[in-house]
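Undergrad: Quick one, protein-v7.txt (compact mmCIF, C-alpha atoms):
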```txt
# COMPACT_ATOMS: atom_id res chain seq x y z
CA MET U 1 118.74 81.94 111.20
CA SER U 2 116.83 81.45 114.45
CA GLU U 3 115.74 84.37 116.63
CA THR U 4 117.83 82.93 119.50
CA ARG U 5 120.94 82.88 117.33
CA VAL U 6 120.37 86.48 116.23
CA LEU U 7 120.00 87.60 119.85
CA GLU U 8 123.13 85.67 120.81
CA ILE U 9 125.18 87.36 118.06
CA ARG U 10 123.85 90.75 119.12
CA ARG U 11 124.65 90.10 122.79
CA LYS U 12 128.23 89.14 121.92
CA ALA U 13 128.68 92.24 119.76
CA LEU U 14 127.46 94.48 122.60
CA GLU U 15 129.75 92.73 125.13
CA ALA U 16 132.75 93.25 122.86
CA ASN U 17 131.72 96.90 122.48
CA GLU U 18 131.48 97.33 126.27
CA ALA U 19 135.04 96.12 126.76
CA VAL U 20 136.42 98.70 124.33
CA ALA U 21 134.19 101.43 125.82
CA ARG U 22 135.61 100.73 129.29
CA ARG U 23 139.15 101.12 127.95
CA LEU U 24 138.24 104.40 126.24
CA ARG U 25 136.60 105.72 129.44
CA GLU U 26 139.72 104.97 131.49
CA GLY U 27 141.84 106.92 129.00
CA TRP U 28 139.49 109.93 129.16
CA GLU U 29 139.88 110.45 132.90
CA ASN U 30 140.41 114.21 132.55
CA THR U 31 138.30 114.83 129.48
CA LEU U 32 134.55 115.41 129.43
CA VAL U 33 133.21 113.21 126.60
CA LEU U 34 129.72 113.60 125.12
CA ASN U 35 127.90 111.30 122.69
CA LEU U 36 125.36 113.34 120.69
CA ILE U 37 122.45 111.37 119.24
CA SER U 38 119.50 112.49 117.11
CA SER U 39 117.73 112.06 113.80
CA PRO U 40 119.36 113.53 110.71
CA GLY U 41 118.74 117.27 110.63
CA SER U 42 117.94 117.84 114.31
CA GLY U 43 120.85 120.23 114.48
CA LYS U 44 123.76 118.33 116.08
CA THR U 45 126.47 119.94 113.94
CA THR U 46 124.87 123.39 114.17
CA LEU U 47 124.74 123.13 117.98
CA LEU U 48 128.40 122.06 117.98
CA GLU U 49 129.33 125.05 115.80
CA ALA U 50 127.64 127.40 118.31
CA THR U 51 129.24 125.58 121.24
CA VAL U 52 132.83 125.49 120.04
CA SER U 53 132.57 129.12 118.91
CA ARG U 54 131.80 130.11 122.50
CA LEU U 55 134.14 127.72 124.31
CA ARG U 56 137.18 127.39 122.06
CA GLU U 57 139.17 130.11 123.91
CA GLU U 58 138.30 128.62 127.30
CA TYR U 59 138.89 124.91 126.70
CA ARG U 60 140.85 122.49 124.53
CA ILE U 61 138.04 121.00 122.42
CA ALA U 62 137.87 118.46 119.60
CA VAL U 63 135.08 116.77 117.69
CA LEU U 64 134.71 113.26 116.25
CA GLU U 65 132.06 113.36 113.51
CA GLY U 66 130.24 110.12 112.67
CA ASP U 67 128.55 109.88 109.30
CA VAL U 68 127.58 107.28 106.72
CA GLU U 69 129.09 109.41 103.94
CA THR U 70 130.79 112.80 103.30
CA GLU U 71 133.32 114.89 105.25
CA ARG U 72 130.98 117.90 105.44
CA ASP U 73 130.39 117.97 109.17
CA ALA U 74 134.07 117.80 110.12
CA ASP U 75 134.78 120.58 107.59
CA ARG U 76 132.20 122.81 109.31
CA ILE U 77 133.93 122.41 112.70
CA ARG U 78 137.45 122.84 111.28
CA ALA U 79 136.33 126.09 109.68
CA LEU U 80 135.96 127.41 113.25
CA GLY U 81 139.56 126.56 114.10
CA VAL U 82 138.70 123.53 116.22
CA PRO U 83 140.18 120.11 115.37
CA ALA U 84 137.69 117.60 113.98
CA HIS U 85 138.05 114.10 112.57
CA GLN U 86 135.45 112.46 110.36
CA ILE U 87 134.51 108.83 111.03
CA LEU U 88 132.81 107.25 108.03
CA THR U 89 130.86 104.12 108.95
CA GLY U 90 130.54 102.85 105.39
CA GLY U 91 126.79 102.28 105.63
CA ALA U 92 126.49 101.33 109.30
CA CYS U 93 123.76 103.19 111.20
CA HIS U 94 125.71 103.89 114.40
CA LEU U 95 129.21 104.31 115.83
CA GLU U 96 130.85 101.49 117.77
CA ALA U 97 133.54 101.87 120.42
CA LYS U 98 136.16 100.07 118.30
CA LEU U 99 135.69 102.50 115.41
CA VAL U 100 135.81 105.46 117.79
CA GLU U 101 139.03 104.15 119.37
CA LYS U 102 140.71 103.67 115.98
CA ASN U 103 139.73 107.13 114.76
CA TYR U 104 140.54 108.85 118.04
CA ARG U 105 144.08 107.43 117.83
CA GLU U 106 144.45 108.50 114.21
CA ALA U 107 143.17 111.99 114.99
CA ASP U 108 145.87 112.46 117.66
CA PHE U 109 144.16 115.47 119.26
CA GLY U 110 146.54 115.66 122.26
CA ASP U 111 145.23 116.59 125.72
CA LEU U 112 141.61 117.71 125.67
CA ASP U 113 139.14 119.28 128.08
CA ILE U 114 136.04 118.39 126.08
CA LEU U 115 135.55 115.81 123.32
CA PHE U 116 132.28 115.80 121.40
CA ILE U 117 131.33 112.63 119.54
CA GLU U 118 128.59 113.36 117.02
CA ASN U 119 126.92 110.03 116.28
CA VAL U 120 125.38 109.01 112.94
CA GLY U 121 121.99 110.69 112.35
CA ASN U 122 119.67 108.04 113.76
CA LEU U 123 117.39 107.90 116.83
CA ILE U 124 117.45 104.11 117.21
CA CYS U 125 120.68 102.25 116.45
CA PRO U 126 123.25 104.39 118.31
CA THR U 127 121.36 104.05 121.60
CA SER U 128 122.74 100.63 122.59
CA TYR U 129 126.42 101.36 121.91
CA ASP U 130 128.49 102.79 124.72
CA LEU U 131 131.37 104.82 123.24
CA GLY U 132 133.13 105.48 126.54
CA GLU U 133 131.33 108.84 126.92
CA ASP U 134 130.44 110.51 130.23
CA PHE U 135 126.87 110.89 129.04
CA LYS U 136 124.62 110.81 126.02
CA VAL U 137 122.85 113.91 124.73
CA ALA U 138 119.62 113.42 122.76
CA LEU U 139 118.51 116.17 120.39
CA LEU U 140 114.98 116.64 119.04
CA SER U 141 114.04 119.54 116.80
CA THR U 142 110.69 121.30 117.18
CA ALA U 143 110.04 120.47 113.50
CA GLU U 144 110.07 116.72 114.23
CA GLY U 145 106.81 116.73 116.15
CA GLU U 146 105.81 116.44 119.77
CA ASP U 147 105.12 112.67 119.77
CA LYS U 148 108.77 111.64 119.43
CA PRO U 149 110.01 110.87 122.99
CA PHE U 150 107.33 108.21 123.55
CA LYS U 151 107.89 106.83 120.03
CA TYR U 152 111.67 106.53 120.62
CA PRO U 153 111.77 105.91 124.38
CA ALA U 154 115.15 104.13 124.53
CA ILE U 155 117.28 107.15 123.70
CA PHE U 156 115.28 109.62 125.79
CA SER U 157 115.47 107.25 128.77
CA LYS U 158 119.23 106.90 128.47
CA ALA U 159 120.28 110.45 127.63
CA GLU U 160 121.36 112.43 130.69
CA VAL U 161 120.61 115.61 128.74
CA SER U 162 117.84 116.14 126.18
CA ILE U 163 117.92 119.24 123.99
CA ILE U 164 114.89 120.55 122.12
CA THR U 165 116.44 122.44 119.19
CA LYS U 166 115.11 125.02 116.69
CA ALA U 167 113.04 126.88 119.30
CA ASP U 168 112.91 129.77 116.80
CA LEU U 169 110.48 127.73 114.66
CA LEU U 170 107.91 127.39 117.49
CA PRO U 171 105.67 130.23 116.20
CA HIS U 172 105.28 128.35 112.89
CA LEU U 173 104.73 124.83 114.19
CA PRO U 174 102.25 122.76 116.15
CA PHE U 175 104.67 121.71 118.92
CA ASP U 176 103.76 121.73 122.60
CA VAL U 177 107.04 122.17 124.51
CA GLU U 178 105.46 121.29 127.85
CA ALA U 179 103.99 118.04 126.48
CA VAL U 180 107.46 117.07 125.23
CA ARG U 181 109.07 117.97 128.55
CA GLU U 182 106.51 115.77 130.32
CA GLN U 183 107.22 112.79 128.05
CA ILE U 184 110.96 113.11 128.57
CA SER U 185 110.56 113.54 132.37
CA THR U 186 108.37 110.43 132.49
CA LEU U 187 111.01 108.40 130.66
CA ASN U 188 113.91 109.91 132.55
CA PRO U 189 112.97 111.67 135.83
CA SER U 190 116.53 112.80 136.61
CA GLY U 191 117.40 113.96 133.08
CA ARG U 192 118.06 117.60 132.20
CA ILE U 193 116.04 119.25 129.42
CA LEU U 194 117.14 122.35 127.51
CA LEU U 195 115.30 124.40 124.88
CA THR U 196 117.70 125.98 122.38
CA SER U 197 117.94 127.94 119.18
CA THR U 198 121.25 128.58 117.46
CA LEU U 199 119.54 131.32 115.42
CA SER U 200 118.24 133.36 118.37
CA GLY U 201 120.85 132.11 120.85
CA GLU U 202 118.16 130.88 123.26
CA GLY U 203 119.46 128.26 125.70
CA ILE U 204 123.03 128.23 124.38
CA ASP U 205 124.43 129.91 127.51
CA GLN U 206 122.69 127.35 129.73
CA TRP U 207 124.11 124.56 127.57
CA CYS U 208 127.65 125.95 127.86
CA ASP U 209 127.18 126.37 131.64
CA LEU U 210 126.06 122.75 131.86
CA LEU U 211 129.26 121.66 130.10
CA ARG U 212 131.38 123.75 132.49
CA GLU U 213 129.55 122.23 135.47
CA LYS U 214 129.91 118.63 134.20
CA LEU U 215 133.62 119.09 133.45
CA GLY U 216 134.15 120.61 136.91
CA ASP U 217 132.27 117.72 138.58
CA LYS U 218 134.31 115.13 136.69
CA ARG U 219 137.64 116.72 137.61
CA ALA U 220 136.57 117.09 141.25
CA ARG U 221 135.71 113.37 141.34
CA SER U 222 138.98 112.26 139.74
CA ALA U 223 141.14 114.63 141.83
CA MET J 1 133.48 88.02 115.39
CA SER J 2 135.33 88.64 112.12
CA GLU J 3 134.24 91.25 109.56
CA THR J 4 133.80 88.49 106.96
CA ARG J 5 131.49 86.55 109.26
CA VAL J 6 129.39 89.67 109.95
CA LEU J 7 129.05 90.34 106.20
CA GLU J 8 128.12 86.70 105.58
CA ILE J 9 125.36 86.82 108.23
CA ARG J 10 124.06 90.06 106.75
CA ARG J 11 124.06 88.63 103.22
CA LYS J 12 122.07 85.59 104.35
CA ALA J 13 119.54 87.75 106.20
CA LEU J 14 119.03 89.89 103.08
CA GLU J 15 118.64 86.80 100.87
CA ALA J 16 116.00 85.37 103.19
CA ASN J 17 114.24 88.74 103.15
CA GLU J 18 114.28 88.81 99.32
CA ALA J 19 112.53 85.46 99.12
CA VAL J 20 109.66 86.64 101.33
CA ALA J 21 109.49 89.98 99.46
CA ARG J 22 109.07 88.12 96.14
CA ARG J 23 106.17 86.13 97.60
CA LEU J 24 104.51 89.31 98.90
CA ARG J 25 104.95 91.03 95.50
CA GLU J 26 103.26 88.14 93.70
CA GLY J 27 100.28 88.39 96.04
CA TRP J 28 99.97 92.14 95.45
CA GLU J 29 99.47 91.83 91.69
CA ASN J 30 96.50 94.24 91.65
CA THR J 31 97.50 96.47 94.55
CA LEU J 32 99.84 99.44 94.37
CA VAL J 33 102.20 99.08 97.34
CA LEU J 34 104.43 101.90 98.60
CA ASN J 35 107.22 101.75 101.18
CA LEU J 36 107.61 105.17 102.82
CA ILE J 37 111.02 105.89 104.35
CA SER J 38 112.32 108.95 106.20
CA SER J 39 113.75 110.21 109.47
CA PRO J 40 111.43 110.51 112.45
CA GLY J 41 109.32 113.63 112.08
CA SER J 42 109.68 114.20 108.33
CA GLY J 43 105.93 113.92 108.02
CA LYS J 44 105.16 110.39 106.78
CA THR J 45 102.00 109.94 108.85
CA THR J 46 100.84 113.50 108.18
CA LEU J 47 101.27 112.97 104.41
CA LEU J 48 99.32 109.72 104.70
CA GLU J 49 96.51 111.48 106.58
CA ALA J 50 96.24 114.05 103.77
CA THR J 51 96.44 111.32 101.11
CA VAL J 52 93.84 108.95 102.50
CA SER J 53 91.50 111.88 103.22
CA ARG J 54 91.53 112.70 99.50
CA LEU J 55 91.53 109.20 98.06
CA ARG J 56 89.45 107.14 100.48
CA GLU J 57 86.21 107.53 98.43
CA GLU J 58 88.01 106.68 95.19
CA TYR J 59 90.09 103.67 96.23
CA ARG J 60 90.22 100.82 98.75
CA ILE J 61 93.20 101.88 100.87
CA ALA J 62 94.94 100.47 103.92
CA VAL J 63 98.05 101.36 105.88
CA LEU J 64 100.67 99.24 107.67
CA GLU J 65 102.41 101.41 110.26
CA GLY J 66 105.91 100.42 111.35
CA ASP J 67 107.17 101.75 114.66
CA VAL J 68 109.53 100.82 117.47
CA GLU J 69 106.85 101.63 120.06
CA THR J 70 103.28 103.00 120.39
CA GLU J 71 100.08 102.56 118.32
CA ARG J 72 99.75 106.31 117.72
CA ASP J 73 100.29 106.37 113.96
CA ALA J 74 97.75 103.63 113.22
CA ASP J 75 95.24 105.43 115.46
CA ARG J 76 95.68 108.62 113.41
CA ILE J 77 94.84 106.77 110.16
CA ARG J 78 91.92 104.85 111.68
CA ALA J 79 90.44 108.14 112.88
CA LEU J 80 89.96 108.95 109.16
CA GLY J 81 87.95 105.77 108.59
CA VAL J 82 90.74 103.94 106.78
CA PRO J 83 91.95 100.55 108.05
CA ALA J 84 95.42 100.59 109.59
CA HIS J 85 97.49 97.97 111.39
CA GLN J 86 100.41 98.79 113.64
CA ILE J 87 103.60 96.75 113.32
CA LEU J 88 105.79 97.08 116.40
CA THR J 89 109.39 96.07 115.73
CA GLY J 90 110.35 95.76 119.41
CA GLY J 91 113.48 97.86 119.04
CA ALA J 92 114.50 96.99 115.48
CA CYS J 93 115.30 99.99 113.29
CA HIS J 94 113.54 98.79 110.11
CA LEU J 95 110.75 96.56 108.82
CA GLU J 96 111.56 93.19 107.27
CA ALA J 97 109.44 91.33 104.72
CA LYS J 98 108.68 88.48 107.15
CA LEU J 99 107.24 90.88 109.73
CA VAL J 100 105.23 92.68 107.05
CA GLU J 101 103.83 89.36 105.77
CA LYS J 102 102.80 88.22 109.26
CA ASN J 103 101.10 91.54 110.07
CA TYR J 104 99.47 91.88 106.64
CA ARG J 105 97.85 88.46 107.17
CA GLU J 106 96.71 89.39 110.66
CA ALA J 107 95.29 92.69 109.45
CA ASP J 108 93.11 90.89 106.88
CA PHE J 109 92.37 94.06 104.88
CA GLY J 110 90.62 92.24 102.00
CA ASP J 111 91.09 93.42 98.38
CA LEU J 112 92.97 96.71 98.15
CA ASP J 113 93.81 99.25 95.48
CA ILE J 114 96.58 100.94 97.43
CA LEU J 115 98.59 99.72 100.43
CA PHE J 116 100.91 102.16 102.16
CA ILE J 117 103.68 100.72 104.32
CA GLU J 118 105.09 103.39 106.62
CA ASN J 119 108.54 102.20 107.64
CA VAL J 120 110.22 102.90 111.00
CA GLY J 121 111.52 106.48 111.23
CA ASN J 122 115.07 105.99 110.02
CA LEU J 123 116.97 107.10 106.90
CA ILE J 124 119.52 104.28 106.94
CA CYS J 125 118.40 100.81 108.05
CA PRO J 126 115.14 100.42 106.07
CA THR J 127 116.91 101.09 102.75
CA SER J 128 118.26 97.56 102.21
CA TYR J 129 115.06 95.65 102.99
CA ASP J 130 112.66 94.96 100.11
CA LEU J 131 109.13 94.64 101.50
CA GLY J 132 107.52 93.56 98.23
CA GLU J 133 106.57 97.16 97.40
CA ASP J 134 106.22 98.62 93.91
CA PHE J 135 108.52 101.44 94.88
CA LYS J 136 110.10 103.26 97.78
CA VAL J 137 109.22 106.86 98.64
CA ALA J 138 111.84 108.92 100.51
CA LEU J 139 110.66 111.93 102.51
CA LEU J 140 112.85 114.82 103.63
CA SER J 141 111.47 117.81 105.50
CA THR J 142 112.74 121.32 104.79
CA ALA J 143 113.63 121.56 108.49
CA GLU J 144 116.19 118.75 108.19
CA GLY J 145 118.64 120.77 106.12
CA GLU J 146 119.73 120.84 102.52
CA ASP J 147 122.78 118.59 102.90
CA LYS J 148 120.82 115.39 103.53
CA PRO J 149 120.58 113.61 100.13
CA PHE J 150 124.37 113.45 99.73
CA LYS J 151 124.77 112.44 103.41
CA TYR J 152 122.25 109.59 103.03
CA PRO J 153 122.75 108.65 99.37
CA ALA J 154 121.50 105.06 99.55
CA ILE J 155 117.85 105.87 100.15
CA PHE J 156 117.71 108.80 97.72
CA SER J 157 119.33 106.62 95.01
CA LYS J 158 116.80 103.84 95.52
CA ALA J 159 113.56 105.79 96.03
CA GLU J 160 111.56 106.14 92.82
CA VAL J 161 109.86 109.17 94.37
CA SER J 162 111.41 111.73 96.74
CA ILE J 163 109.15 114.15 98.58
CA ILE J 164 110.39 117.37 100.15
CA THR J 165 107.85 118.01 102.93
CA LYS J 166 106.95 121.04 105.07
CA ALA J 167 107.31 123.52 102.17
CA ASP J 168 105.33 125.98 104.33
CA LEU J 169 108.41 126.38 106.57
CA LEU J 170 110.63 127.59 103.69
CA PRO J 171 110.27 131.32 104.56
CA HIS J 172 111.70 130.58 108.03
CA LEU J 173 114.57 128.27 107.11
CA PRO J 174 117.87 128.25 105.28
CA PHE J 175 116.93 125.53 102.75
CA ASP J 176 117.74 125.76 99.04
CA VAL J 177 115.14 123.63 97.26
CA GLU J 178 117.02 123.71 93.95
CA ALA J 179 120.24 122.51 95.61
CA VAL J 180 118.33 119.58 97.11
CA ARG J 181 116.67 118.76 93.78
CA GLU J 182 120.11 118.73 92.16
CA GLN J 183 121.52 116.33 94.76
CA ILE J 184 118.60 113.95 94.38
CA SER J 185 118.76 114.13 90.56
CA THR J 186 122.47 113.36 90.65
CA LEU J 187 121.87 110.30 92.82
CA ASN J 188 118.79 109.19 90.90
CA PRO J 189 118.42 110.75 87.42
CA SER J 190 115.09 109.05 86.68
CA GLY J 191 113.51 109.68 90.10
CA ARG J 192 110.51 111.97 90.60
CA ILE J 193 110.73 114.84 93.09
CA LEU J 194 107.74 116.54 94.70
CA LEU J 195 107.57 119.56 97.00
CA THR J 196 104.65 119.34 99.42
CA SER J 197 103.00 120.96 102.40
CA THR J 198 100.08 119.36 104.18
CA LEU J 199 99.37 122.73 105.83
CA SER J 200 99.05 124.77 102.61
CA GLY J 201 98.10 121.79 100.42
CA GLU J 202 100.99 122.48 98.02
CA GLY J 203 101.94 119.43 95.96
CA ILE J 204 99.29 117.11 97.42
CA ASP J 205 97.26 117.04 94.19
CA GLN J 206 100.37 116.12 92.20
CA TRP J 207 101.16 113.38 94.71
CA CYS J 208 97.63 111.94 94.44
CA ASP J 209 97.84 112.14 90.62
CA LEU J 210 101.13 110.27 90.74
CA LEU J 211 99.48 107.50 92.77
CA ARG J 212 96.59 107.29 90.26
CA GLU J 213 99.09 107.11 87.38
CA LYS J 214 101.22 104.40 89.05
CA LEU J 215 98.18 102.28 89.92
CA GLY J 216 96.89 102.65 86.33
CA ASP J 217 100.30 101.66 84.92
CA LYS J 218 100.50 98.61 87.17
CA ARG J 219 97.04 97.37 86.25
CA ALA J 220 97.69 97.96 82.53
CA ARG J 221 100.86 95.84 82.83
CA SER J 222 99.17 93.00 84.69
CA ALA J 223 96.05 93.00 82.44
```
Could you show the structure in this file as structure tokens?
TA:
Amino acid sequence: MSETRVLEIRRKALEANEAVARRLREGWENTLVLNLISSPGSGKTTLLEATVSRLREEYRIAVLEGDVETERDADRIRALGVPAHQILTGGACHLEAKLVEKNYREADFGDLDILFIENVGNLICPTSYDLGEDFKVALLSTAEGEDKPFKYPAIFSKAEVSIITKADLLPHLPFDVEAVREQISTLNPSGRILLTSTLSGEGIDQWCDLLREKLGDKRARSA
Amino acid sequence: MSETRVLEIRRKALEANEAVARRLREGWENTLVLNLISSPGSGKTTLLEATVSRLREEYRIAVLEGDVETERDADRIRALGVPAHQILTGGACHLEAKLVEKNYREADFGDLDILFIENVGNLICPTSYDLGEDFKVALLSTAEGEDKPFKYPAIFSKAEVSIITKADLLPHLPFDVEAVREQISTLNPSGRILLTSTLSGEGIDQWCDLLREKLGDKRARSA
């Protein structure tokens, strides 16, 4: 197959995805929706556990968990008393809006204040697919190395919030936080950057405050 | 586009890839070729630095470095006096045989004993693409969490060797090495599993011995 034909197929797939994402976004007028993207093991589910534990009394929260295989991540959220629905992609390396729409309907969460969509563990493929979210959140763990934003510029350019996770490992690792902040700021001058650790609790309050602020802004705009 | 049509396009792409991979494999009759696959930041380049530092006097070695962006990884290998050629995929989440063939020709490494192909940092997409290698090596760092083999079963089923990296972080992490070994052994009963740390040197001798053994086996077969 020619390169042109491949690009044409890809363009059509992304256009079809955009149409569904627009429909999802219209339906989520009063819900703050986040699309969490990172490599496997950067700590998406662990951050969500810490987040829903703090916010579950304050807000109506639910989680859509994207994975290639296993129901483990949804089970971890449900164990905290927060509704979660697992989306299995059957081998695909990212979520698409159509799959999110189908699973969101099946999940039947009711009215929500915050919906977290945890994408498949992958720094590349999920970047191009709009899921109807308010913004993307990119996670990078300190154990992954300080060269990553410039090596995976697409996601760090697009994510409104970047979170450096596993700050508790910094004493044991060669990882220059300032160098990483600089790379992310170069790619995305208006993006927010947080440094967190679910073990020590560092940065989790700021993250929860950011969610409160974003939800407030969204409701003020739609009011 | 219908699901059937998507599957048909994918099947054709994989068939075309297989044909090129067969041609590459025939050309590498006397060279041990490895395809290294992991998430970003699991330590592929760092393992290669440690490996070529130990083996560069003993063998003719070269490295093909797959990345979405930047020449950084190839620069790190070249700094050790070992030839390396960067393959930039321009956004694609995996290497394909055709791209490897084109870049291998351009690199013009001459006769080699061992060729390492470092795939794009991604646990999903590279799994289906044969690059003409003798075997795939899957890397998983202790910082990524102990649930990963069952969450990404395809690569751990296919990799003849799985390497658990960053063993030096074990005292600071919740990571049960035996549980991970069990998952990998379930997925791949005949696979080899190594535990390594480039910081402490743990497991690096065994890894180099494994490469010597595999190269010896290959040359005995082709003799």
Undergrad: Rank U:Leu47, U:Ala223, U:Ile87, U:Ala159 by their smallest atom-to-atom distance to Leu195 (chain U), using all atoms listed in the file, and report the top residue only.
TA: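 Among the listed residues, U:Leu47 lies closest to Leu195 (chain U).
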Undergrad: In terms of the shortest atom-to-atom distance over only C-alpha atoms, which of J:Ser141, J:Ser190, J:Ser222, J:Ser162 is closest to chain U?
TA: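 Looking only at the distances to chain U, the closest residue turns out to be J:Ser141.
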Undergrad: Mind listing as a ChimeraX atom specification which residues of chain U are within 9 Å of chain J, counting only C-alpha atoms?
TA: /U:1,9,12-13,39-43,67-70,72,91-93,121-125,141,143-148,150-154,168-169,172-173
Undergrad: Output C-alpha atoms of each residue in that selection to a file, as a short mmCIF file (atom, residue, chain, number, x, y, z; two decimals), keeping the file's coordinate frame.
TA:
```
data_model
loop_
_atom_site.label_atom_id
_atom_site.label_comp_id
_atom_site.auth_asym_id
_atom_site.auth_seq_id
_atom_site.Cartn_x
_atom_site.Cartn_y
_atom_site.Cartn_z
CA MET U 1 118.74 81.94 111.20
CA ILE U 9 125.18 87.36 118.06
CA LYS U 12 128.23 89.14 121.92
CA ALA U 13 128.68 92.24 119.76
CA SER U 39 117.73 112.06 113.80
CA PRO U 40 119.36 113.53 110.71
CA GLY U 41 118.74 117.27 110.63
CA SER U 42 117.94 117.84 114.31
CA GLY U 43 120.85 120.23 114.48
CA ASP U 67 128.55 109.88 109.30
CA VAL U 68 127.58 107.28 106.72
CA GLU U 69 129.09 109.41 103.94
CA THR U 70 130.79 112.80 103.30
CA ARG U 72 130.98 117.90 105.44
CA GLY U 91 126.79 102.28 105.63
CA ALA U 92 126.49 101.33 109.30
CA CYS U 93 123.76 103.19 111.20
CA GLY U 121 121.99 110.69 112.35
CA ASN U 122 119.67 108.04 113.76
CA LEU U 123 117.39 107.90 116.83
CA ILE U 124 117.45 104.11 117.21
CA CYS U 125 120.68 102.25 116.45
CA SER U 141 114.04 119.54 116.80
CA ALA U 143 110.04 120.47 113.50
CA GLU U 144 110.07 116.72 114.23
CA GLY U 145 106.81 116.73 116.15
CA GLU U 146 105.81 116.44 119.77
CA ASP U 147 105.12 112.67 119.77
CA LYS U 148 108.77 111.64 119.43
CA PHE U 150 107.33 108.21 123.55
CA LYS U 151 107.89 106.83 120.03
CA TYR U 152 111.67 106.53 120.62
CA PRO U 153 111.77 105.91 124.38
CA ALA U 154 115.15 104.13 124.53
CA ASP U 168 112.91 129.77 116.80
CA LEU U 169 110.48 127.73 114.66
CA HIS U 172 105.28 128.35 112.89
CA LEU U 173 104.73 124.83 114.19
#
```
Undergrad: Restricting the calculation to all atoms listed in the file: of U:Asp205, U:Leu24, U:Lys44, U:Gln86, which residue gets closest to Glu106 (chain U)?
TA: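 The closest residue to Glu106 (chain U) is U:Gln86.
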Undergrad: Could you tell me which of U:Ser128, U:Ser197, U:Gln183, U:Gln206 comes closest to Ala21 (chain U) if we count only C-alpha atoms?
TA: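 Among the listed residues, the smallest separation from Ala21 (chain U) belongs to U:Ser128.
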Undergrad: With distances taken over all atoms listed in the file, which residue among J:Ile37, J:Leu170, J:Ile114, J:Ala97 lies nearest Arg23 (chain J)?
TA: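 Of the candidates, the smallest distance to Arg23 (chain J) is held by J:Ala97.
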Undergrad: Could you jot down the CA of Arg219 (chain J) to CA of Glu133 (chain J) separation for me, Å, one decimal place?
TA: 14.7 Å
Undergrad: Please measure the separation of CA of Gly191 (chain J) and CA of Asp130 (chain J), giving the value in Å to one decimal.
TA: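 Distance between the two atoms: 17.8 Å.
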Undergrad: Separation of CA of Leu131 (chain U) and CA of Phe116 (chain U), in Å?
TA: 11.2 Å
Undergrad: Extract, using only C-alpha atoms, all DNA, RNA and protein residues at most 9 Å from Ile61 (chain U), discarding same-chain residues fewer than 2 positions from it, and format them as a PyMOL selection string.
TA: chain U and resi 52+55-56+59+63+82-83+109+112-116
Undergrad: So which one's closest to Ala138 (chain U), U:Pro171, U:Leu34, U:Gly27, U:Leu7? Using only C-alpha atoms, please.
TA: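 Nearest candidate to Ala138 (chain U) out of U:Pro171, U:Leu34, U:Gly27, U:Leu7: U:Leu34.
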